[in-house]
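Dumped model.tsv below, it's TSV, C-alpha atoms:
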chain	number	residue	atom	x	y	z
R	8	MET	CA	-51.21	-76.59	13.41
R	9	GLN	CA	-52.42	-79.22	15.91
R	10	THR	CA	-52.73	-76.55	18.60
R	11	PHE	CA	-54.80	-74.35	16.27
R	12	ARG	CA	-57.09	-77.27	15.35
R	13	SER	CA	-57.63	-78.08	19.00
R	14	TRP	CA	-58.39	-74.43	19.80
R	15	PHE	CA	-60.74	-74.15	16.82
R	16	LYS	CA	-62.61	-77.33	17.78
R	17	LYS	CA	-63.08	-76.18	21.38
R	18	SER	CA	-64.18	-72.71	20.26
R	19	LEU	CA	-66.68	-74.20	17.80
R	20	LEU	CA	-68.15	-76.49	20.45
R	21	LYS	CA	-68.47	-73.56	22.85
R	22	LEU	CA	-70.26	-71.54	20.18
R	23	VAL	CA	-72.64	-74.41	19.43
R	24	ALA	CA	-73.35	-74.94	23.13
R	25	PHE	CA	-73.97	-71.22	23.64
R	26	GLY	CA	-76.40	-71.15	20.73
R	27	LEU	CA	-78.27	-74.24	21.89
R	28	LEU	CA	-78.70	-72.96	25.43
R	29	TYR	CA	-79.62	-69.34	24.86
R	30	SER	CA	-81.83	-69.99	21.83
R	31	SER	CA	-83.91	-72.35	24.02
R	32	VAL	CA	-83.17	-75.25	21.65
R	33	LEU	CA	-82.02	-77.41	24.57
R	34	ARG	CA	-85.29	-76.79	26.39
R	35	LEU	CA	-87.27	-77.60	23.27
R	36	MET	CA	-85.25	-80.83	22.81
R	37	ASN	CA	-86.14	-82.11	26.28
R	38	PRO	CA	-89.52	-83.66	25.36
R	39	PHE	CA	-87.85	-85.53	22.49
R	40	ILE	CA	-84.97	-86.79	24.67
R	41	ASN	CA	-87.42	-87.90	27.36
R	42	ILE	CA	-89.16	-90.16	24.83
R	43	PHE	CA	-86.33	-91.28	22.53
R	44	GLN	CA	-82.74	-92.44	22.97
R	45	LEU	CA	-79.78	-93.47	20.87
R	46	GLN	CA	-80.12	-97.00	19.46
R	47	LYS	CA	-77.04	-99.15	20.04
R	48	ASN	CA	-75.85	-102.60	19.00
R	49	PRO	CA	-74.84	-105.26	21.58
R	50	GLU	CA	-71.30	-103.82	21.60
R	51	GLY	CA	-72.62	-100.38	22.57
R	52	ALA	CA	-71.95	-98.67	19.23
R	53	PRO	CA	-74.63	-96.58	17.48
R	54	ALA	CA	-76.84	-98.74	15.23
R	55	PHE	CA	-79.26	-97.95	12.40
R	56	PRO	CA	-81.80	-96.31	12.51
R	57	PHE	CA	-79.95	-94.64	15.46
R	58	ILE	CA	-83.08	-93.61	17.37
R	59	GLN	CA	-85.43	-95.79	19.40
R	60	LYS	CA	-88.24	-95.19	21.85
R	61	ARG	CA	-87.30	-95.43	25.52
R	62	ARG	CA	-88.61	-98.45	27.40
R	63	SER	CA	-89.08	-96.32	30.51
R	64	ARG	CA	-88.23	-92.96	32.00
R	65	ASN	CA	-84.79	-92.51	33.47
R	66	PHE	CA	-82.97	-90.24	35.89
R	67	GLN	CA	-79.46	-88.86	36.14
R	68	ILE	CA	-77.14	-88.72	39.17
R	69	LEU	CA	-74.37	-86.12	39.19
R	70	SER	CA	-71.16	-86.85	41.10
R	71	TYR	CA	-69.03	-84.21	42.82
R	72	HIS	CA	-66.28	-84.28	45.41
R	73	ARG	CA	-64.90	-80.85	46.28
R	74	VAL	CA	-66.27	-77.33	45.75
R	75	ASN	CA	-63.65	-74.62	46.24
R	76	ASN	CA	-61.50	-72.02	44.51
R	77	ASP	CA	-58.12	-73.59	45.37
R	78	ARG	CA	-57.31	-74.50	41.75
R	79	ASP	CA	-55.45	-77.57	43.01
R	80	PRO	CA	-54.35	-79.59	39.96
R	81	PHE	CA	-53.66	-82.68	42.09
R	82	PHE	CA	-57.29	-83.00	43.20
R	83	ARG	CA	-59.55	-81.02	40.91
R	84	ALA	CA	-62.54	-79.24	42.38
R	85	VAL	CA	-65.47	-77.34	40.94
R	86	SER	CA	-65.12	-73.62	41.65
R	87	VAL	CA	-67.78	-72.04	43.85
R	88	ASP	CA	-69.05	-69.71	41.12
R	89	VAL	CA	-69.29	-72.51	38.55
R	90	PHE	CA	-71.02	-74.82	41.03
R	91	GLU	CA	-73.58	-72.14	41.88
R	92	LYS	CA	-74.37	-71.51	38.21
R	93	GLN	CA	-74.74	-75.26	37.60
R	94	MET	CA	-77.11	-75.64	40.55
R	95	GLU	CA	-79.17	-72.62	39.43
R	96	TYR	CA	-79.49	-74.19	35.98
R	97	LEU	CA	-80.57	-77.54	37.44
R	98	VAL	CA	-83.20	-75.97	39.69
R	99	SER	CA	-84.63	-74.07	36.72
R	100	HIS	CA	-84.68	-76.91	34.19
R	101	PHE	CA	-84.80	-80.22	36.11
R	102	HIS	CA	-86.72	-82.00	38.83
R	103	VAL	CA	-84.01	-82.13	41.50
R	104	CYS	CA	-84.74	-84.71	44.19
R	105	SER	CA	-82.97	-86.73	46.85
R	106	LEU	CA	-81.48	-90.10	45.99
R	107	GLU	CA	-83.97	-91.86	48.25
R	108	GLU	CA	-86.90	-90.19	46.50
R	109	ALA	CA	-85.51	-91.12	43.07
R	110	VAL	CA	-85.10	-94.75	44.13
R	111	GLU	CA	-88.65	-94.95	45.53
R	112	ARG	CA	-90.05	-93.42	42.33
R	113	MET	CA	-87.90	-95.83	40.33
R	114	LYS	CA	-89.46	-98.77	42.16
R	115	SER	CA	-92.98	-97.51	41.48
R	116	LYS	CA	-92.08	-96.59	37.88
R	117	ASP	CA	-93.11	-93.02	38.61
R	118	ILE	CA	-89.96	-91.08	37.68
R	119	PRO	CA	-90.78	-87.50	36.59
R	120	ASP	CA	-89.26	-86.20	33.38
R	121	ASN	CA	-85.85	-84.54	33.78
R	122	THR	CA	-85.22	-86.00	37.23
R	123	ILE	CA	-81.71	-85.43	38.55
R	124	VAL	CA	-79.90	-86.20	41.83
R	125	ILE	CA	-76.89	-84.33	43.26
R	126	THR	CA	-74.26	-86.34	45.17
R	127	LEU	CA	-70.93	-85.44	46.79
R	128	ASP	CA	-68.43	-88.06	47.94
R	129	ASP	CA	-66.05	-88.38	50.92
R	130	GLY	CA	-67.17	-85.55	53.21
R	131	TYR	CA	-64.86	-82.60	52.60
R	132	LYS	CA	-65.35	-79.45	54.68
R	133	ASP	CA	-65.82	-77.33	51.57
R	134	ASN	CA	-69.10	-79.18	51.06
R	135	TYR	CA	-70.30	-77.31	54.16
R	136	LEU	CA	-68.48	-74.03	53.55
R	137	ASN	CA	-69.22	-73.63	49.84
R	138	ALA	CA	-71.82	-76.11	48.54
R	139	PHE	CA	-74.26	-76.07	51.47
R	140	PRO	CA	-75.00	-72.30	51.33
R	141	ILE	CA	-75.93	-72.76	47.66
R	142	PHE	CA	-78.17	-75.74	48.42
R	143	LYS	CA	-79.82	-73.74	51.20
R	144	LYS	CA	-80.34	-70.63	49.07
R	145	LEU	CA	-81.91	-72.67	46.25
R	146	SER	CA	-83.79	-75.08	48.57
R	147	MET	CA	-82.08	-78.00	46.84
R	148	PRO	CA	-81.81	-81.57	48.12
R	149	ALA	CA	-78.46	-83.35	47.87
R	150	THR	CA	-76.77	-86.46	49.25
R	151	ILE	CA	-73.28	-86.44	50.79
R	152	PHE	CA	-71.52	-89.79	51.23
R	153	LEU	CA	-69.25	-89.92	54.29
R	154	ALA	CA	-66.09	-91.93	54.84
R	155	THR	CA	-66.66	-91.86	58.57
R	156	ASP	CA	-63.12	-92.39	59.92
R	157	SER	CA	-62.17	-88.93	58.64
R	158	ILE	CA	-65.24	-87.07	59.91
R	159	GLY	CA	-64.41	-84.95	62.93
R	160	SER	CA	-61.12	-86.76	63.55
R	161	GLY	CA	-58.55	-84.73	61.60
R	162	ARG	CA	-57.47	-87.92	59.82
R	163	ILE	CA	-57.39	-87.81	56.04
R	164	LEU	CA	-58.25	-90.45	53.47
R	165	TRP	CA	-55.49	-92.53	51.93
R	166	HIS	CA	-55.79	-90.91	48.51
R	167	ASP	CA	-55.35	-87.47	50.10
R	168	ARG	CA	-51.98	-88.68	51.41
R	169	VAL	CA	-51.04	-89.45	47.81
R	170	PHE	CA	-52.25	-86.06	46.52
R	171	SER	CA	-50.32	-84.34	49.30
R	172	ALA	CA	-47.11	-86.24	48.51
R	173	PHE	CA	-47.12	-85.28	44.83
R	174	ARG	CA	-48.19	-81.73	45.67
R	175	GLN	CA	-45.26	-81.24	48.08
R	176	THR	CA	-42.41	-83.08	46.42
R	177	LYS	CA	-39.38	-81.27	45.00
R	178	GLU	CA	-37.94	-84.48	43.59
R	179	HIS	CA	-37.42	-84.67	39.82
R	180	PHE	CA	-37.80	-88.43	39.57
R	181	LEU	CA	-39.73	-91.21	41.28
R	182	ALA	CA	-37.47	-94.24	41.06
R	183	TRP	CA	-38.60	-97.87	41.28
R	184	TYR	CA	-42.22	-97.75	42.24
R	185	GLU	CA	-44.34	-100.93	41.99
R	186	SER	CA	-43.82	-102.75	38.68
R	187	ASN	CA	-42.54	-99.72	36.77
R	188	SER	CA	-38.77	-100.32	36.89
R	189	LYS	CA	-38.16	-97.24	34.75
R	190	GLY	CA	-39.77	-94.90	37.26
R	191	TYR	CA	-41.53	-91.61	36.61
R	192	PRO	CA	-40.03	-88.20	35.75
R	193	LEU	CA	-41.43	-85.39	37.92
R	194	ARG	CA	-39.90	-82.27	36.40
R	195	THR	CA	-43.15	-80.69	35.20
R	196	LEU	CA	-46.68	-80.48	36.53
R	197	GLN	CA	-47.93	-82.72	33.72
R	198	GLU	CA	-45.32	-85.36	34.56
R	199	LYS	CA	-46.35	-85.26	38.22
R	200	LEU	CA	-50.01	-85.61	37.33
R	201	PHE	CA	-49.29	-88.56	35.05
R	202	ALA	CA	-47.20	-90.26	37.75
R	203	GLN	CA	-49.95	-89.63	40.32
R	204	LYS	CA	-52.58	-91.17	38.03
R	205	GLU	CA	-50.46	-94.30	37.50
R	206	VAL	CA	-49.63	-94.63	41.19
R	207	LEU	CA	-53.30	-94.32	42.16
R	208	LYS	CA	-54.23	-96.95	39.61
R	209	PHE	CA	-51.68	-99.31	41.17
R	210	LEU	CA	-52.77	-98.55	44.75
R	211	ARG	CA	-56.42	-99.24	43.95
R	212	SER	CA	-55.47	-102.75	42.85
R	213	LEU	CA	-54.16	-103.65	46.33
R	214	ASP	CA	-55.65	-104.77	49.61
R	215	ASP	CA	-55.48	-102.43	52.60
R	216	ASP	CA	-52.19	-103.61	54.11
R	217	LYS	CA	-50.28	-103.55	50.83
R	218	ARG	CA	-51.75	-100.18	49.91
R	219	LEU	CA	-50.59	-98.62	53.17
R	220	PHE	CA	-47.13	-100.12	52.71
R	221	TRP	CA	-46.78	-98.63	49.24
R	222	ILE	CA	-48.09	-95.22	50.33
R	223	ASP	CA	-45.47	-95.16	53.09
R	224	HIS	CA	-42.90	-96.11	50.47
R	225	LEU	CA	-44.13	-93.33	48.16
R	226	VAL	CA	-43.82	-90.70	50.89
R	227	GLU	CA	-40.28	-91.88	51.63
R	228	LYS	CA	-39.28	-91.82	47.95
R	229	LEU	CA	-40.71	-88.35	47.37
R	230	LYS	CA	-39.04	-87.01	50.54
R	231	VAL	CA	-42.07	-85.16	51.86
R	232	GLU	CA	-43.87	-84.74	55.14
R	233	ASP	CA	-46.41	-87.52	55.63
R	234	ARG	CA	-49.62	-85.63	56.35
R	235	LYS	CA	-51.88	-88.25	57.87
R	236	GLU	CA	-53.81	-85.59	59.74
R	237	VAL	CA	-54.89	-82.25	58.28
R	238	PRO	CA	-57.17	-80.06	60.42
R	239	ASP	CA	-60.17	-78.58	58.61
R	240	LEU	CA	-59.91	-80.72	55.49
R	241	MET	CA	-62.91	-82.90	56.32
R	242	LEU	CA	-66.32	-82.23	57.84
R	243	THR	CA	-67.05	-82.29	61.56
R	244	TRP	CA	-70.07	-84.09	62.97
R	245	ASP	CA	-71.57	-80.75	64.07
R	246	GLU	CA	-71.47	-79.58	60.45
R	247	VAL	CA	-73.03	-82.85	59.30
R	248	LYS	CA	-75.83	-82.46	61.86
R	249	LEU	CA	-76.51	-78.87	60.85
R	250	MET	CA	-76.77	-79.78	57.16
R	251	HIS	CA	-78.96	-82.77	57.99
R	252	ASN	CA	-81.32	-80.49	59.91
R	253	TYR	CA	-81.67	-78.38	56.75
R	254	GLY	CA	-82.62	-81.39	54.65
R	255	ILE	CA	-79.29	-82.58	53.22
R	256	SER	CA	-79.17	-86.39	53.12
R	257	PHE	CA	-76.19	-88.46	54.18
R	258	GLY	CA	-75.12	-91.89	53.01
R	259	SER	CA	-72.25	-94.21	53.76
R	260	HIS	CA	-68.95	-94.31	51.89
R	261	THR	CA	-67.38	-96.91	54.23
R	262	VAL	CA	-65.11	-96.13	57.19
R	263	THR	CA	-61.65	-95.79	55.58
R	264	HIS	CA	-62.43	-95.66	51.84
R	265	PRO	CA	-61.00	-99.09	50.89
R	266	ILE	CA	-61.61	-100.88	47.61
R	267	LEU	CA	-64.26	-103.31	48.84
R	268	SER	CA	-63.62	-106.02	46.27
R	269	ARG	CA	-60.03	-106.27	47.57
R	270	LEU	CA	-61.13	-107.00	51.14
R	271	SER	CA	-62.07	-110.20	52.92
R	272	VAL	CA	-65.80	-110.68	53.43
R	273	ASP	CA	-65.48	-109.97	57.17
R	274	LYS	CA	-63.50	-106.78	56.62
R	275	ALA	CA	-65.87	-105.55	53.90
R	276	GLN	CA	-68.83	-106.23	56.18
R	277	GLU	CA	-67.17	-104.24	58.96
R	278	GLU	CA	-66.56	-101.25	56.67
R	279	ILE	CA	-70.16	-101.34	55.41
R	280	GLU	CA	-71.91	-101.81	58.75
R	281	LYS	CA	-69.69	-99.68	60.99
R	282	SER	CA	-69.95	-96.59	58.79
R	283	LYS	CA	-73.73	-96.93	58.63
R	284	LYS	CA	-73.99	-97.28	62.39
R	285	SER	CA	-71.72	-94.26	63.03
R	286	ILE	CA	-73.82	-91.92	60.87
R	287	GLU	CA	-77.10	-93.22	62.31
R	288	GLU	CA	-75.90	-92.72	65.88
R	289	LYS	CA	-74.74	-89.17	65.17
R	290	LEU	CA	-77.86	-88.11	63.25
R	291	GLY	CA	-80.54	-90.21	64.93
R	292	ALA	CA	-81.87	-91.15	61.49
R	293	PRO	CA	-81.62	-94.25	59.28
R	294	VAL	CA	-78.92	-94.41	56.60
R	295	LYS	CA	-80.20	-96.15	53.48
R	296	THR	CA	-77.82	-95.13	50.68
R	297	PHE	CA	-74.24	-96.13	49.89
R	298	ALA	CA	-71.47	-95.08	47.49
R	299	TYR	CA	-68.73	-97.54	46.52
R	300	PRO	CA	-65.23	-96.13	47.07
R	301	ASN	CA	-63.75	-95.48	43.63
R	302	GLY	CA	-66.87	-97.12	42.25
R	303	SER	CA	-65.73	-98.76	39.01
R	304	LYS	CA	-67.04	-102.22	38.04
R	305	GLU	CA	-63.91	-103.85	39.44
R	306	ASP	CA	-64.41	-102.27	42.88
R	307	PHE	CA	-67.53	-104.20	43.95
R	308	ASN	CA	-69.06	-107.59	43.24
R	309	ARG	CA	-72.02	-109.84	44.03
R	310	VAL	CA	-70.75	-110.47	47.58
R	311	THR	CA	-70.42	-106.72	48.20
R	312	LYS	CA	-73.96	-106.08	47.01
R	313	ASN	CA	-75.35	-108.86	49.21
R	314	LEU	CA	-73.56	-107.38	52.24
R	315	LEU	CA	-75.16	-104.01	51.54
R	316	LYS	CA	-78.63	-105.53	51.26
R	317	GLU	CA	-78.16	-107.47	54.50
R	318	ALA	CA	-77.01	-104.27	56.26
R	319	GLY	CA	-80.26	-102.52	55.31
R	320	TYR	CA	-79.24	-100.25	52.43
R	321	ILE	CA	-81.77	-99.67	49.66
R	322	CYS	CA	-79.29	-98.70	46.92
R	323	ALA	CA	-75.66	-98.05	46.04
R	324	VAL	CA	-74.13	-95.65	43.53
R	325	THR	CA	-71.10	-96.36	41.36
R	326	THR	CA	-68.86	-94.21	39.17
R	327	VAL	CA	-69.92	-96.21	36.12
R	328	PHE	CA	-70.99	-93.56	33.62
R	329	GLY	CA	-74.61	-93.43	32.53
R	330	THR	CA	-78.26	-92.82	33.39
R	331	ASN	CA	-80.70	-95.03	35.27
R	332	GLU	CA	-83.92	-96.54	33.92
R	333	SER	CA	-86.57	-98.24	36.02
R	334	ASP	CA	-85.03	-101.69	35.52
R	335	GLN	CA	-81.52	-100.62	36.60
R	336	ASP	CA	-79.96	-102.67	39.41
R	337	LEU	CA	-80.47	-100.52	42.52
R	338	PHE	CA	-77.02	-101.54	43.78
R	339	GLU	CA	-75.31	-100.50	40.56
R	340	LEU	CA	-76.74	-97.04	40.01
R	341	ARG	CA	-74.77	-95.04	37.45
R	342	ARG	CA	-73.52	-91.50	37.80
R	343	GLU	CA	-72.19	-88.70	35.61
R	344	TRP	CA	-69.45	-86.15	36.22
R	345	ILE	CA	-69.21	-83.08	34.01
R	346	TRP	CA	-65.95	-81.14	34.18
R	347	GLY	CA	-65.55	-77.68	32.80
R	348	ASP	CA	-66.50	-74.18	33.85
R	349	TYR	CA	-68.66	-73.26	30.83
R	350	LEU	CA	-72.38	-73.38	31.66
R	351	PRO	CA	-73.64	-73.90	28.07
R	352	GLY	CA	-71.26	-76.88	27.77
R	353	PHE	CA	-72.59	-78.28	31.05
R	354	ALA	CA	-76.18	-77.93	29.84
R	355	MET	CA	-75.45	-79.47	26.43
R	356	ARG	CA	-73.65	-82.46	27.93
R	357	LEU	CA	-76.53	-83.18	30.32
R	358	ASN	CA	-78.90	-83.53	27.36
R	359	TRP	CA	-76.39	-85.44	25.24
R	360	TYR	CA	-75.59	-87.94	28.00
R	361	LYS	CA	-79.28	-88.48	28.69
R	362	PHE	CA	-79.86	-89.21	25.01
R	363	CYS	CA	-76.82	-91.46	24.54
R	364	CYS	CA	-76.72	-93.32	27.83
Could I get this file's structure written as structure tokens?
Amino acid sequence: MQTFRSWFKKSLLKLVAFGLLYSSVLRLMNPFINIFQLQKNPEGAPAFPFIQKRRSRNFQILSYHRVNNDRDPFFRAVSVDVFEKQMEYLVSHFHVCSLEEAVERMKSKDIPDNTIVITLDDGYKDNYLNAFPIFKKLSMPATIFLATDSIGSGRILWHDRVFSAFRQTKEHFLAWYESNSKGYPLRTLQEKLFAQKEVLKFLRSLDDDKRLFWIDHLVEKLKVEDRKEVPDLMLTWDEVKLMHNYGISFGSHTVTHPILSRLSVDKAQEEIEKSKKSIEEKLGAPVKTFAYPNGSKEDFNRVTKNLLKEAGYICAVTTVFGTNESDQDLFELRREWIWGDYLPGFAMRLNWYKFCC
């Protein structure tokens, strides 16, 4: 019965989304959503009369990582076909601009209606192989944030070591890991994915040295090959240069993708400044934008933001969910991520999030 209810609910939502998109209702709702938003109480819950006039225009930032057809459950990607359809929809219905342009318009309180920014984090090669041809075909701007230690080096990011370990393991149980004395069963894909989520949560709470220790320990426990280098997983600098020449923007995502709030001030400053310098030297252009690794509220702080300002950045994006009005802190810009391969659902969520957030 529960399975049927879940199926029925999903089918109903798909039908509603299909009707809203192809009847042009979503397009007709845009002027209303650009003027009004959901009214909330101080706790963030909907409050009577539920609708209020916007104080200012806002813009949305979409967050992506990988674009491929690998169907890897350990690190989900958007398929190439779905990504292309999403980009075609955005070009047709939104004002797509670079992050730098959105920030400058935000400062001057001149944000066009339906403004949206496309961002991709980390610097995976499939951004060049699969996303870039779509951007080029549609003449779309986008910003890719690079974790520079992995660009052109063959080295992979620490979380990719974790994904690889769970992807490879044949073990049926992960015994004694961090504070979980009971361990994690690994017999099914769902059990592996749950264990991976919990392990990543633990690793993100650590400083660099402890994180590396526990990743080494994880690889040993799972009895897998430790793949610290994987050719062709990440971008090369030649690919970065080529995309830059076609108008794709690049920002910094640190050097090694640490959690900045877990670092000493000196180490955080090194990660922030060194990555910026590396990209600027390779491209011969200033780097003004930054994306916090992981990007939740716990992953950066006032000190981090001050370091970014001192280094010459004009803004930083988070993974805090929401839209951005003209009074939003430029170093706490919010982003949205919309999973799913159903275009009407993607379109409906964009409008809904703009109204609610």
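Our summary of the geometry notes that CA of Trp359 (chain R) is positioned 27.0 Å from CA of Phe297 (chain R).
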Skip region 165-179 of chain R itself and residues of its chain fewer than 5 positions away, then list as a ChimeraX atom specification all residues within 10 Å of it, counting all atoms listed in the file. /R:79-82,191-196,198-200,202-204,206-207,210-211,215,218-219,222-223,225-237,240,263-265
Restricting the calculation to only C-alpha atoms, which member of R:Glu339, R:Glu305, R:Asp334, R:Asp128 is positioned closest to Thr261 (chain R)?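 Checking each of R:Glu339, R:Glu305, R:Asp334, R:Asp128 against Thr261 (chain R), counting only C-alpha atoms, the winner is R:Asp128.
Closest approach to Ser160 (chain R) from the set R:Asn331, R:Asn313, R:Thr243, R:Ser282 is made by R:Thr243, with distances taken over all atoms listed in the file.
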Of the listed residues R:Pro140, R:Ser63, R:Ile321, R:His260, that which approaches Pro293 (chain R) most closely, counting all atoms listed in the file: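 Checking each candidate against Pro293 (chain R), we get R:Ile321 as the closest.
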Which one of R:Tyr131, R:Val110, R:Leu314, R:Lys208 sits closest to Asp336 (chain R) if you count all atoms listed in the file?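 Of the candidates, the smallest distance to Asp336 (chain R) is held by R:Val110.
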Find the residue from R:Ser256, R:Ser157, R:Ser115, R:Thr311 that sits nearest to Arg269 (chain R); use all atoms listed in the file when measuring.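 Distance minimum relative to Arg269 (chain R) lands on R:Thr311.
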